[in-house]
>>> print(open('query17.pdb').read())   # PDB, C-alpha atoms
ATOM      1  CA  MET A   5      18.514   3.279  -7.167  1.00  0.00           C
ATOM      2  CA  LYS A   6      16.182   5.253  -4.885  1.00  0.00           C
ATOM      3  CA  GLN A   7      12.976   7.243  -5.358  1.00  0.00           C
ATOM      4  CA  THR A   8      11.478  10.025  -3.232  1.00  0.00           C
ATOM      5  CA  VAL A   9       7.980   8.930  -2.138  1.00  0.00           C
ATOM      6  CA  TYR A  10       5.307  10.082   0.315  1.00  0.00           C
ATOM      7  CA  ARG A  11       2.879   8.712   2.874  1.00  0.00           C
ATOM      8  CA  GLY A  12       0.023  10.429   4.658  1.00  0.00           C
ATOM      9  CA  VAL A  13      -0.603   9.679   8.342  1.00  0.00           C
ATOM     10  CA  GLU A  14      -1.882  11.465  11.426  1.00  0.00           C
ATOM     11  CA  TYR A  15       0.532  13.919  13.053  1.00  0.00           C
ATOM     12  CA  GLU A  16       1.273  12.014  16.283  1.00  0.00           C
ATOM     13  CA  GLU A  17       2.101   8.881  14.306  1.00  0.00           C
ATOM     14  CA  ALA A  18       4.293  10.953  11.980  1.00  0.00           C
ATOM     15  CA  LEU A  19       6.360  12.178  14.927  1.00  0.00           C
ATOM     16  CA  ARG A  20       6.887   8.615  16.170  1.00  0.00           C
ATOM     17  CA  VAL A  21       7.759   7.342  12.675  1.00  0.00           C
ATOM     18  CA  VAL A  22      10.321  10.083  12.047  1.00  0.00           C
ATOM     19  CA  LYS A  23      11.931   9.475  15.441  1.00  0.00           C
ATOM     20  CA  ALA A  24      12.058   5.681  14.996  1.00  0.00           C
ATOM     21  CA  GLN A  25      12.772   5.851  11.233  1.00  0.00           C
ATOM     22  CA  ARG A  26      10.309   3.028  10.682  1.00  0.00           C
ATOM     23  CA  TYR A  27       6.565   2.601  10.202  1.00  0.00           C
ATOM     24  CA  GLU A  28       4.338   1.235  12.966  1.00  0.00           C
ATOM     25  CA  ARG A  29       1.633  -0.404  10.879  1.00  0.00           C
ATOM     26  CA  ALA A  30       0.606  -1.579   7.445  1.00  0.00           C
ATOM     27  CA  GLU A  31      -2.121   0.018   5.367  1.00  0.00           C
ATOM     28  CA  ARG A  32      -5.392  -1.811   6.071  1.00  0.00           C
ATOM     29  CA  ARG A  33      -7.594   0.533   8.133  1.00  0.00           C
ATOM     30  CA  GLN A  34     -11.169   1.806   8.552  1.00  0.00           C
ATOM     31  CA  PHE A  35     -11.709   5.566   8.827  1.00  0.00           C
ATOM     32  CA  THR A  36     -14.453   7.338  10.797  1.00  0.00           C
ATOM     33  CA  ASN A  37     -15.755   9.068   7.652  1.00  0.00           C
ATOM     34  CA  GLY A  38     -16.696   5.686   6.168  1.00  0.00           C
ATOM     35  CA  ALA A  39     -13.706   5.435   3.852  1.00  0.00           C
ATOM     36  CA  SER A  40     -11.170   2.677   4.212  1.00  0.00           C
ATOM     37  CA  ALA A  41      -7.607   2.055   3.176  1.00  0.00           C
ATOM     38  CA  LYS A  42      -7.915  -1.215   1.331  1.00  0.00           C
ATOM     39  CA  ALA A  43      -4.722  -3.198   1.161  1.00  0.00           C
ATOM     40  CA  VAL A  44      -5.496  -4.697  -2.239  1.00  0.00           C
ATOM     41  CA  PHE A  45      -1.923  -6.003  -2.489  1.00  0.00           C
ATOM     42  CA  GLY A  46      -1.853  -7.422   1.043  1.00  0.00           C
ATOM     43  CA  ALA A  47      -0.213  -6.171   4.209  1.00  0.00           C
ATOM     44  CA  GLY A  48       2.614  -3.739   3.615  1.00  0.00           C
ATOM     45  CA  VAL A  49       3.537  -0.084   3.730  1.00  0.00           C
ATOM     46  CA  TYR A  50       1.797   1.775   0.905  1.00  0.00           C
ATOM     47  CA  LEU A  51       3.471   4.905  -0.471  1.00  0.00           C
ATOM     48  CA  VAL A  52       2.746   7.282  -3.360  1.00  0.00           C
ATOM     49  CA  SER A  53       4.794   9.416  -5.735  1.00  0.00           C
ATOM     50  CA  ASN A  54       2.547  12.463  -5.340  1.00  0.00           C
ATOM     51  CA  PRO A  55       2.560  14.506  -2.095  1.00  0.00           C
ATOM     52  CA  LEU A  56      -0.965  15.856  -2.788  1.00  0.00           C
ATOM     53  CA  VAL A  57      -2.362  12.318  -2.891  1.00  0.00           C
ATOM     54  CA  ALA A  58      -0.456  11.540   0.308  1.00  0.00           C
ATOM     55  CA  ALA A  59      -2.097  14.606   1.892  1.00  0.00           C
ATOM     56  CA  GLN A  60      -5.548  13.209   1.074  1.00  0.00           C
ATOM     57  CA  TYR A  61      -4.658   9.955   2.848  1.00  0.00           C
ATOM     58  CA  ALA A  62      -3.229  11.960   5.752  1.00  0.00           C
ATOM     59  CA  ILE A  63      -6.518  13.789   6.234  1.00  0.00           C
ATOM     60  CA  CYS A  64      -8.454  10.492   6.350  1.00  0.00           C
ATOM     61  CA  HIS A  65      -6.000   9.103   8.921  1.00  0.00           C
ATOM     62  CA  ALA A  66      -6.148  12.286  11.015  1.00  0.00           C
ATOM     63  CA  GLU A  67      -9.955  12.379  11.027  1.00  0.00           C
ATOM     64  CA  THR A  68      -9.937   8.881  12.494  1.00  0.00           C
ATOM     65  CA  ILE A  69      -8.487  10.101  15.788  1.00  0.00           C
ATOM     66  CA  GLY A  70      -9.108  13.864  15.658  1.00  0.00           C
ATOM     67  CA  ASP A  71      -5.470  14.769  15.083  1.00  0.00           C
ATOM     68  CA  LYS A  72      -3.644  16.982  12.586  1.00  0.00           C
ATOM     69  CA  ALA A  73      -2.589  15.383   9.309  1.00  0.00           C
ATOM     70  CA  ALA A  74       1.015  14.893   8.204  1.00  0.00           C
ATOM     71  CA  VAL A  75       2.779  14.019   4.985  1.00  0.00           C
ATOM     72  CA  LEU A  76       6.014  12.108   5.342  1.00  0.00           C
ATOM     73  CA  LYS A  77       8.730  12.130   2.708  1.00  0.00           C
ATOM     74  CA  GLN A  78      11.206   9.270   2.411  1.00  0.00           C
ATOM     75  CA  GLN A  79      13.589   7.465   0.123  1.00  0.00           C
ATOM     76  CA  LEU A  80      12.551   4.093  -1.270  1.00  0.00           C
ATOM     77  CA  ALA A  81      14.958   1.485  -2.625  1.00  0.00           C
ATOM     78  CA  LEU A  82      13.492   0.481  -5.996  1.00  0.00           C
ATOM     79  CA  PRO A  83      15.252  -2.824  -6.749  1.00  0.00           C
ATOM     80  CA  GLY A  84      13.094  -5.914  -6.323  1.00  0.00           C
ATOM     81  CA  LEU A  85       9.687  -4.361  -7.041  1.00  0.00           C
ATOM     82  CA  PHE A  86       7.115  -6.139  -9.228  1.00  0.00           C
ATOM     83  CA  CYS A  87       6.118  -3.523 -11.824  1.00  0.00           C
ATOM     84  CA  LEU A  88       2.509  -2.878 -12.808  1.00  0.00           C
ATOM     85  CA  ASP A  89       1.120  -0.268 -15.200  1.00  0.00           C
ATOM     86  CA  GLU A  90      -1.980   0.543 -17.232  1.00  0.00           C
ATOM     87  CA  ARG A  91      -1.456  -2.547 -19.446  1.00  0.00           C
ATOM     88  CA  TYR A  92      -0.836  -5.070 -16.668  1.00  0.00           C
ATOM     89  CA  GLY A  93      -2.409  -3.827 -13.462  1.00  0.00           C
ATOM     90  CA  GLU A  94      -4.121  -4.828 -10.253  1.00  0.00           C
ATOM     91  CA  ASN A  95      -6.729  -7.125 -11.815  1.00  0.00           C
ATOM     92  CA  GLU A  96      -4.246  -8.979 -13.997  1.00  0.00           C
ATOM     93  CA  LEU A  97      -1.870  -9.545 -11.075  1.00  0.00           C
ATOM     94  CA  ARG A  98      -4.715 -10.717  -8.821  1.00  0.00           C
ATOM     95  CA  ASN A  99      -5.952 -13.179 -11.471  1.00  0.00           C
ATOM     96  CA  GLU A 100      -2.449 -14.517 -12.063  1.00  0.00           C
ATOM     97  CA  ALA A 101      -1.800 -14.927  -8.339  1.00  0.00           C
ATOM     98  CA  LEU A 102      -5.117 -16.666  -7.687  1.00  0.00           C
ATOM     99  CA  GLN A 103      -4.855 -18.988 -10.694  1.00  0.00           C
ATOM    100  CA  HIS A 104      -1.306 -19.901  -9.745  1.00  0.00           C
ATOM    101  CA  ARG A 105      -2.267 -20.857  -6.189  1.00  0.00           C
ATOM    102  CA  HIS A 106      -5.862 -22.139  -6.541  1.00  0.00           C
ATOM    103  CA  GLY A 107      -8.175 -24.063  -8.837  1.00  0.00           C
ATOM    104  CA  ALA A 108     -11.310 -22.557 -10.374  1.00  0.00           C
ATOM    105  CA  GLU A 109     -13.696 -24.557  -8.141  1.00  0.00           C
ATOM    106  CA  GLU A 110     -11.903 -23.544  -4.962  1.00  0.00           C
ATOM    107  CA  LEU A 111     -11.973 -19.866  -6.019  1.00  0.00           C
ATOM    108  CA  GLU A 112     -15.684 -20.071  -6.788  1.00  0.00           C
ATOM    109  CA  ARG A 113     -16.380 -21.649  -3.404  1.00  0.00           C
ATOM    110  CA  ARG A 114     -14.328 -19.009  -1.563  1.00  0.00           C
ATOM    111  CA  ALA A 115     -15.913 -16.130  -3.471  1.00  0.00           C
ATOM    112  CA  ALA A 116     -19.404 -17.383  -2.597  1.00  0.00           C
ATOM    113  CA  GLY A 117     -18.551 -17.646   1.101  1.00  0.00           C
ATOM    114  CA  LEU A 118     -16.923 -14.247   1.620  1.00  0.00           C
ATOM    115  CA  SER A 119     -18.246 -10.696   1.723  1.00  0.00           C
ATOM    116  CA  TYR A 120     -16.719  -8.183  -0.697  1.00  0.00           C
ATOM    117  CA  GLU A 121     -14.447  -6.786   2.035  1.00  0.00           C
ATOM    118  CA  GLU A 122     -13.373 -10.278   3.124  1.00  0.00           C
ATOM    119  CA  TRP A 123     -12.699 -11.224  -0.522  1.00  0.00           C
ATOM    120  CA  LEU A 124     -10.510  -8.124  -0.997  1.00  0.00           C
ATOM    121  CA  GLU A 125      -8.580  -8.894   2.176  1.00  0.00           C
ATOM    122  CA  TRP A 126      -8.077 -12.556   1.277  1.00  0.00           C
ATOM    123  CA  THR A 127      -7.086 -11.858  -2.341  1.00  0.00           C
ATOM    124  CA  GLY A 128      -4.711  -9.110  -1.168  1.00  0.00           C
ATOM    125  CA  ASP A 129      -2.985 -11.637   1.092  1.00  0.00           C
ATOM    126  CA  GLU A 130      -2.830 -14.076  -1.832  1.00  0.00           C
ATOM    127  CA  VAL A 131      -1.258 -11.428  -4.099  1.00  0.00           C
ATOM    128  CA  ARG A 132       1.312 -10.604  -1.434  1.00  0.00           C
ATOM    129  CA  ALA A 133       2.230 -14.269  -0.992  1.00  0.00           C
ATOM    130  CA  TYR A 134       2.511 -14.725  -4.768  1.00  0.00           C
ATOM    131  CA  VAL A 135       4.707 -11.645  -5.280  1.00  0.00           C
ATOM    132  CA  LEU A 136       7.013 -12.706  -2.442  1.00  0.00           C
ATOM    133  CA  ALA A 137       7.170 -16.294  -3.768  1.00  0.00           C
ATOM    134  CA  CYS A 138       8.246 -14.887  -7.138  1.00  0.00           C
ATOM    135  CA  GLY A 139      11.209 -13.248  -5.410  1.00  0.00           C
ATOM    136  CA  TYR A 140       9.977  -9.649  -5.258  1.00  0.00           C
ATOM    137  CA  ARG A 141      10.030  -7.327  -2.211  1.00  0.00           C
ATOM    138  CA  GLY A 142       7.012  -5.233  -3.135  1.00  0.00           C
ATOM    139  CA  ILE A 143       5.104  -3.592  -5.965  1.00  0.00           C
ATOM    140  CA  ARG A 144       5.507  -0.486  -8.118  1.00  0.00           C
ATOM    141  CA  TYR A 145       2.170   0.411  -9.762  1.00  0.00           C
ATOM    142  CA  ARG A 146       2.256   3.269 -12.261  1.00  0.00           C
ATOM    143  CA  ILE A 147      -1.324   4.585 -12.444  1.00  0.00           C
ATOM    144  CA  SER A 148      -0.535   7.645 -14.588  1.00  0.00           C
ATOM    145  CA  PRO A 149       2.427   9.932 -15.299  1.00  0.00           C
ATOM    146  CA  GLU A 150       1.425  11.884 -12.175  1.00  0.00           C
ATOM    147  CA  LEU A 151       0.864   8.963  -9.794  1.00  0.00           C
ATOM    148  CA  THR A 152       2.675   5.769  -8.896  1.00  0.00           C
ATOM    149  CA  TYR A 153       1.816   3.592  -5.900  1.00  0.00           C
ATOM    150  CA  TYR A 154       4.505   1.611  -4.091  1.00  0.00           C
ATOM    151  CA  VAL A 155       3.901  -1.301  -1.724  1.00  0.00           C
ATOM    152  CA  CYS A 156       6.754  -2.348   0.551  1.00  0.00           C
ATOM    153  CA  TYR A 157       6.635  -5.843   2.004  1.00  0.00           C
ATOM    154  CA  GLU A 158      10.047  -5.370   3.689  1.00  0.00           C
ATOM    155  CA  PRO A 159       9.756  -1.711   4.721  1.00  0.00           C
ATOM    156  CA  ASP A 160      12.577  -1.739   7.272  1.00  0.00           C
ATOM    157  CA  SER A 161      15.100  -2.526   4.538  1.00  0.00           C
ATOM    158  CA  GLN A 162      13.388  -0.607   1.717  1.00  0.00           C
ATOM    159  CA  ILE A 163      12.566   2.773   3.291  1.00  0.00           C
ATOM    160  CA  GLU A 164      15.030   5.273   4.742  1.00  0.00           C
ATOM    161  CA  ASP A 165      15.471   8.964   5.538  1.00  0.00           C
ATOM    162  CA  ILE A 166      11.867   9.535   6.683  1.00  0.00           C
ATOM    163  CA  THR A 167      11.198  13.248   7.228  1.00  0.00           C
ATOM    164  CA  LEU A 168       8.151  15.390   7.943  1.00  0.00           C
ATOM    165  CA  LEU A 169       7.211  17.241   4.744  1.00  0.00           C
ATOM    166  CA  SER A 170       4.058  19.044   5.883  1.00  0.00           C
ATOM    167  CA  VAL A 171       1.445  19.298   8.617  1.00  0.00           C
ATOM    168  CA  LEU A 172      -2.211  20.028   7.811  1.00  0.00           C
ATOM    169  CA  GLU A 173      -4.945  21.242  10.144  1.00  0.00           C
ATOM    170  CA  VAL A 174      -8.090  19.135   9.706  1.00  0.00           C
TER
END
>>> encode(input="query17.pdb", output="structure tokens")
Amino acid sequence: MKQTVYRGVEYEEALRVVKAQRYERAERRQFTNGASAKAVFGAGVYLVSNPLVAAQYAICHAETIGDKAAVLKQQLALPGLFCLDERYGENELRNEALQHRHGAEELERRAAGLSYEEWLEWTGDEVRAYVLACGYRGIRYRISPELTYYVCYEPDSQIEDITLLSVLEV
């Protein structure tokens, strides 16, 4: 089973991705406008179900290097995704992953020694390791009926038919 999903990137990257039919980088990134793409589920390719949300990400990416923005459309293989929703979401998964891999004292010690950004990065890596150890290939996170996030930990085998949907002037 496959799902049509979207990702926003800068235009020059979009051209390279479409030509290669694979993504160059994972999500974690700082933008020049002060925003950042936080990889709260660890390194992977982050996609969304809504092209308008993808366009917002594209604009942030494009502003980083002064390029046009692009929305890419692709097909995502859905089997093997850990499913989250409004009842069991990001916080519950993070807590489960951390408790499975670490004791309370160790978590307290780590939390005290890391900045907020470092904590997010470390816990994202822990979530990724936990999800993979449980036999999943990524995450499907239904935020609302209008928006679902997808995280691909094996993007080369999960994503196909990448096409350019739209180009936006920034």
>>> residues_around(input="query17.pdb", residues="Leu172 of chain A", least_positions_apart="6", cutoff="8 Å", atoms="all atoms listed in the file", output="list in words")
Ile63, Lys72, Ala73 and Ala74 of chain A
>>> closest_residue(input="query17.pdb", among="A:Ala62, A:Ala43, A:Leu168, A:Leu111", to="Leu124 of chain A", atoms="all atoms listed in the file")
A:Ala43
>>> residues_near_point(input="query17.pdb", point="(15.7, 0.3, 4.4)", cutoff="10 Å", atoms="all atoms listed in the file", output="number ranges by chain")
A: 25-26, 79-81, 158-165
>>> resolve_selection(input="query17.pdb", expression="the PyMOL selection byres ((chain A and resi 146) around 10)", output="JSON, numbers by chain")
{"A": [52, 53, 87, 88, 89, 90, 91, 92, 93, 143, 144, 145, 147, 148, 149, 150, 151, 152, 153, 154]}
>>> closest_residue(input="query17.pdb", among="A:Val135, A:Val75, A:Cys156, A:Ala115", to="Ala18 of chain A", atoms="only C-alpha atoms")
A:Val75
>>> atom_distance(input="query17.pdb", atom1="atom CA of Tyr157 of chain A", atom2="atom CA of Leu136 of chain A")
8.2 Å
>>> closest_residue(input="query17.pdb", among="A:Gln78, A:Asn54, A:Thr68, A:Asn95", to="Thr167 of chain A", atoms="only C-alpha atoms")
A:Gln78
>>> resolve_selection(input="query17.pdb", expression="the PyMOL selection byres ((chain A and resi 14) around 12)", output="short mmCIF file (atom, residue, chain, number, x, y, z; two decimals) with C-alpha atoms, keeping the file's coordinate frame")
data_model
loop_
_atom_site.label_atom_id
_atom_site.label_comp_id
_atom_site.auth_asym_id
_atom_site.auth_seq_id
_atom_site.Cartn_x
_atom_site.Cartn_y
_atom_site.Cartn_z
CA ARG A 11 2.88 8.71 2.87
CA GLY A 12 0.02 10.43 4.66
CA VAL A 13 -0.60 9.68 8.34
CA TYR A 15 0.53 13.92 13.05
CA GLU A 16 1.27 12.01 16.28
CA GLU A 17 2.10 8.88 14.31
CA ALA A 18 4.29 10.95 11.98
CA LEU A 19 6.36 12.18 14.93
CA ARG A 20 6.89 8.62 16.17
CA VAL A 21 7.76 7.34 12.68
CA PHE A 35 -11.71 5.57 8.83
CA ALA A 58 -0.46 11.54 0.31
CA ALA A 59 -2.10 14.61 1.89
CA GLN A 60 -5.55 13.21 1.07
CA TYR A 61 -4.66 9.96 2.85
CA ALA A 62 -3.23 11.96 5.75
CA ILE A 63 -6.52 13.79 6.23
CA CYS A 64 -8.45 10.49 6.35
CA HIS A 65 -6.00 9.10 8.92
CA ALA A 66 -6.15 12.29 11.02
CA GLU A 67 -9.96 12.38 11.03
CA THR A 68 -9.94 8.88 12.49
CA ILE A 69 -8.49 10.10 15.79
CA GLY A 70 -9.11 13.86 15.66
CA ASP A 71 -5.47 14.77 15.08
CA LYS A 72 -3.64 16.98 12.59
CA ALA A 73 -2.59 15.38 9.31
CA ALA A 74 1.01 14.89 8.20
CA VAL A 75 2.78 14.02 4.99
CA LEU A 76 6.01 12.11 5.34
CA LEU A 168 8.15 15.39 7.94
CA SER A 170 4.06 19.04 5.88
CA VAL A 171 1.44 19.30 8.62
CA LEU A 172 -2.21 20.03 7.81
CA GLU A 173 -4.94 21.24 10.14
CA VAL A 174 -8.09 19.14 9.71
#
>>> closest_residue(input="query17.pdb", among="A:Glu122, A:Met5, A:Glu130, A:Leu85", to="His106 of chain A", atoms="only C-alpha atoms")
A:Glu130
>>> atom_distance(input="query17.pdb", atom1="atom CA of Asp129 of chain A", atom2="atom CA of Gly46 of chain A")
4.4 Å
>>> atom_distance(input="query17.pdb", atom1="atom CA of Glu94 of chain A", atom2="atom CA of Ala116 of chain A")
21.2 Å
